[in-house]
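Q: Before I ask anything, here is the structure I am working with.
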Number of protein chains: 2
Amino acid sequence: MVMLSLSLHTLNERRGITPGSPPHRVRQAVFHRANSMLYRPGDRTGTLYDIAFGTVRTYHMMSDGRRQISGFYFAGDVFGLEPQPRHRLFAETVEECAIRPFDQRTEVAGAEALYALAQADLGRLGDHLMLLGHANALARISRFMLDLDSRQGRDGLVTLGMPRADIADFLGLTIETVSRVFTRLSEMRLIARDTARSIELLDRDGLAALCD
Amino acid sequence: MVMLSLSLHTLNERRGITPGSPPHRVRQAVFHRANSMLYRPGDRTGTLYDIAFGTVRTYHMMSDGRRQISGFYFAGDVFGLEPQPRHRLFAETVEECAIRPFDQRTEVAGAEALYALAQADLGRLGDHLMLLGHANALARISRFMLDLDSRQGRDGLVTLGMPRADIADFLGLTIETVSRVFTRLSEMRLIARDTARSIELLDRDGLAALCD
DNA sequence: CGCGCTTTTGAGTTTCGTCAACTGGTGTGG
DNA sequence: CCACACCAGTTGACGAAACTCAAAAGCGCG
């Protein structure tokens, strides 16, 4: 799975702003406790968020209380772009976070950069769609782990910042199924669980083979 | 479900081109037989397609031969926008189609219009994600029918241009399940099947109630 | 009419969800 | 320091939903 992530750094490069240039109108990063609400459906869009550190989830809430997490965002990712003048998603911190909000209009140079951001989200959504459409629980978790691994870049050592419930609601599973799949992958010697949140990928080719 | 669809007409309005203005560099619409390949993964992106009439499907192919249809496009819709310089999707006609290709760079006024198109796709994908994540077969089909109804605008009379296999691969189901759900919805008096491809929505509130 | 294709229906199996109990780690207070 | 409570995660038993394989029915077309 190709997980596109577009950082503000990339955006700035597109604008010709190198790290050495004087920053203009930089708003400070804001610290948030875990599980803080950042925005909710109905809030005005127009602000984007650049994550300095931490993890953020965006999600839909359905009438019966079920939750579909549409994405996780990590340090360097930009989130908050939505197609309408008002948000349709919730955004919450998963862990402690430092987040720099900035104005979509004044601090992003025109529609081109916005289009680039939208493209990144499009790529991610397309991949996720395929996963939810035609993949069993084993494949979903395997892909999720491989994706986290590639985004965290710590060579086979994956840290899950989120609880099982978040993984379940992201992948369209239940926490019990998520748990069982971790156990199975462990038995298959594809992963090793140091703790519940810290997982070593022992055989990434084997995991990839499950993803089909 | 909000199904955003953005027609070239809308794009032109954004450019200040009204139906009366002289067209510039209009390429003719091209006619295609059913099941014609329009582009495939690896082909260069940069051309967009405006459907005059007919139905188009875009899809991913997985290594094991399974297919995930990511969207259906109808008369007035524009498709072909993808985040990379090369396509990752297949695009095929479902029925006979007339399609006007146009150049993304020269015939779309800048990134703003592209961004608008990307937004439309984002909205659609987000909705579809939710559907595939947390919805049973009954809900998936019900939503699909209601969505088609709202896009075809013929007040409760839905024409399925595509075979069951396409519906199945779009909704992440099998053709047998699709068929069984149609039968169930019929028994529940929510729909009536004139033919297999022509379906009347008898109780749209009832269908909506199944969608959660 | 007969052929090929799509759709429907049926029977059996698998996968995942539900409900419930249990484990293990963490923090608190006696 | 230990006992306890609490929460996240795991495990087990069972049932429901959807898939698979197979066969029959419907439909368009030469």
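Every chain in the structure tokens takes a letter, A first, then B, and so on in the order presented; its residues are numbered from 1, and the ligands are numbered from 1 following the presented order.
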Which polymer residues have any atom within 12 Å of an atom of DC1 (chain D), counting only C-alpha atoms (C1' of nucleotides), with same-chain residues fewer than 2 positions away left out, as a tab-separated table (two decimals) with all heavy atoms, in the first residue's frame?
A:
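So part_29.tsv came out as:
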```tsv
chain	number	residue	atom	x	y	z
C	29	DG	P	-5.97	7.78	46.45
C	29	DG	OP1	-6.90	8.84	46.03
C	29	DG	OP2	-4.57	8.11	46.78
C	29	DG	O5'	-6.59	7.01	47.68
C	29	DG	C5'	-7.39	5.84	47.46
C	29	DG	C4'	-7.16	4.85	48.58
C	29	DG	O4'	-6.04	4.00	48.24
C	29	DG	C3'	-6.79	5.50	49.92
C	29	DG	O3'	-7.39	4.75	50.96
C	29	DG	C2'	-5.27	5.37	49.95
C	29	DG	C1'	-5.09	4.02	49.30
C	29	DG	N9	-3.78	3.79	48.74
C	29	DG	C8	-2.96	4.69	48.09
C	29	DG	N7	-1.83	4.18	47.68
C	29	DG	C5	-1.91	2.85	48.08
C	29	DG	C6	-0.98	1.79	47.93
C	29	DG	O6	0.13	1.82	47.38
C	29	DG	N1	-1.45	0.61	48.49
C	29	DG	C2	-2.67	0.46	49.12
C	29	DG	N2	-2.94	-0.76	49.60
C	29	DG	N3	-3.55	1.43	49.28
C	29	DG	C4	-3.10	2.59	48.73
C	30	DG	P	-7.72	5.35	52.31
C	30	DG	OP1	-9.12	5.78	52.30
C	30	DG	OP2	-6.62	6.31	52.62
C	30	DG	O5'	-7.57	4.11	53.29
C	30	DG	C5'	-8.25	2.90	52.99
C	30	DG	C4'	-7.44	1.73	53.49
C	30	DG	O4'	-6.21	1.65	52.72
C	30	DG	C3'	-7.02	1.85	54.96
C	30	DG	O3'	-7.22	0.60	55.60
C	30	DG	C2'	-5.54	2.21	54.90
C	30	DG	C1'	-5.11	1.54	53.61
C	30	DG	N9	-3.97	2.17	52.95
C	30	DG	C8	-3.86	3.49	52.57
C	30	DG	N7	-2.72	3.78	52.00
C	30	DG	C5	-2.03	2.58	52.00
C	30	DG	C6	-0.74	2.27	51.53
C	30	DG	O6	0.08	3.02	50.98
C	30	DG	N1	-0.43	0.93	51.73
C	30	DG	C2	-1.26	0.00	52.31
C	30	DG	N2	-0.78	-1.24	52.42
C	30	DG	N3	-2.47	0.28	52.77
C	30	DG	C4	-2.78	1.58	52.59
D	3	DA	P	-1.72	-8.92	49.98
D	3	DA	OP1	-2.10	-10.00	50.92
D	3	DA	OP2	-1.17	-9.25	48.65
D	3	DA	O5'	-2.99	-7.97	49.81
D	3	DA	C5'	-3.49	-7.27	50.95
D	3	DA	C4'	-4.70	-6.45	50.52
D	3	DA	O4'	-4.23	-5.26	49.82
D	3	DA	C3'	-5.63	-7.17	49.56
D	3	DA	O3'	-6.98	-6.83	49.88
D	3	DA	C2'	-5.22	-6.64	48.19
D	3	DA	C1'	-4.75	-5.23	48.51
D	3	DA	N9	-3.68	-4.73	47.65
D	3	DA	C8	-2.58	-5.43	47.23
D	3	DA	N7	-1.77	-4.72	46.48
D	3	DA	C5	-2.39	-3.48	46.41
D	3	DA	C6	-2.03	-2.28	45.76
D	3	DA	N6	-0.92	-2.13	45.05
D	3	DA	N1	-2.87	-1.22	45.89
D	3	DA	C2	-3.99	-1.38	46.63
D	3	DA	N3	-4.43	-2.46	47.28
D	3	DA	C4	-3.57	-3.47	47.13
```
Q: Least-squares fit chain B onto chain A by Cα, in order, and just send back the RMSD.
A: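 Root-mean-square deviation of the C-alpha atoms: 0.1 Å.
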Q: Could you check how far CA of Arg27 (chain A) sits from CA of Gln104 (chain A), in Å to one decimal?
A: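 Distance reported for this atom pair: 12.7 Å.
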Q: Would you list the contacts of region 189-203 of chain A as an MDAnalysis selection string, taking every protein, DNA or RNA residue within 10 Å and counting only C-alpha atoms (C1' of nucleotides), but skipping same-chain residues closer than 5 positions in sequence?
A: (chainID A and resid 142 145:146 149 155:164 179 182:184 208:209) or (chainID D and resid 8:9)
Q: Enumerate as a PDB file with N, CA and C atoms, in the first residue's frame the residues belonging to chain B that approach chain D to within 9 Å, with only C-alpha atoms (C1' of nucleotides) taken into account.
A:
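See iface.pdb below for the written result:
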```pdb
ATOM      1  N   ASN B 136     -23.836  -3.735   6.699  1.00  0.00           N
ATOM      2  CA  ASN B 136     -24.141  -5.077   6.213  1.00  0.00           C
ATOM      3  C   ASN B 136     -24.630  -5.009   4.773  1.00  0.00           C
ATOM      4  N   ALA B 137     -24.862  -6.183   4.215  1.00  0.00           N
ATOM      5  CA  ALA B 137     -25.187  -6.253   2.796  1.00  0.00           C
ATOM      6  C   ALA B 137     -26.465  -5.479   2.472  1.00  0.00           C
ATOM      7  N   LEU B 173     -19.094  -7.232  -2.028  1.00  0.00           N
ATOM      8  CA  LEU B 173     -19.947  -8.402  -1.790  1.00  0.00           C
ATOM      9  C   LEU B 173     -19.737  -9.391  -2.934  1.00  0.00           C
ATOM     10  N   THR B 174     -20.480 -10.501  -2.898  1.00  0.00           N
ATOM     11  CA  THR B 174     -20.461 -11.428  -4.027  1.00  0.00           C
ATOM     12  C   THR B 174     -21.756 -11.250  -4.816  1.00  0.00           C
ATOM     13  N   GLU B 176     -23.864 -13.462  -5.581  1.00  0.00           N
ATOM     14  CA  GLU B 176     -24.944 -14.213  -4.941  1.00  0.00           C
ATOM     15  C   GLU B 176     -25.583 -13.392  -3.818  1.00  0.00           C
ATOM     16  N   THR B 177     -24.744 -12.757  -3.021  1.00  0.00           N
ATOM     17  CA  THR B 177     -25.277 -11.944  -1.936  1.00  0.00           C
ATOM     18  C   THR B 177     -26.084 -10.770  -2.489  1.00  0.00           C
TER      19      THR B 177
END
```
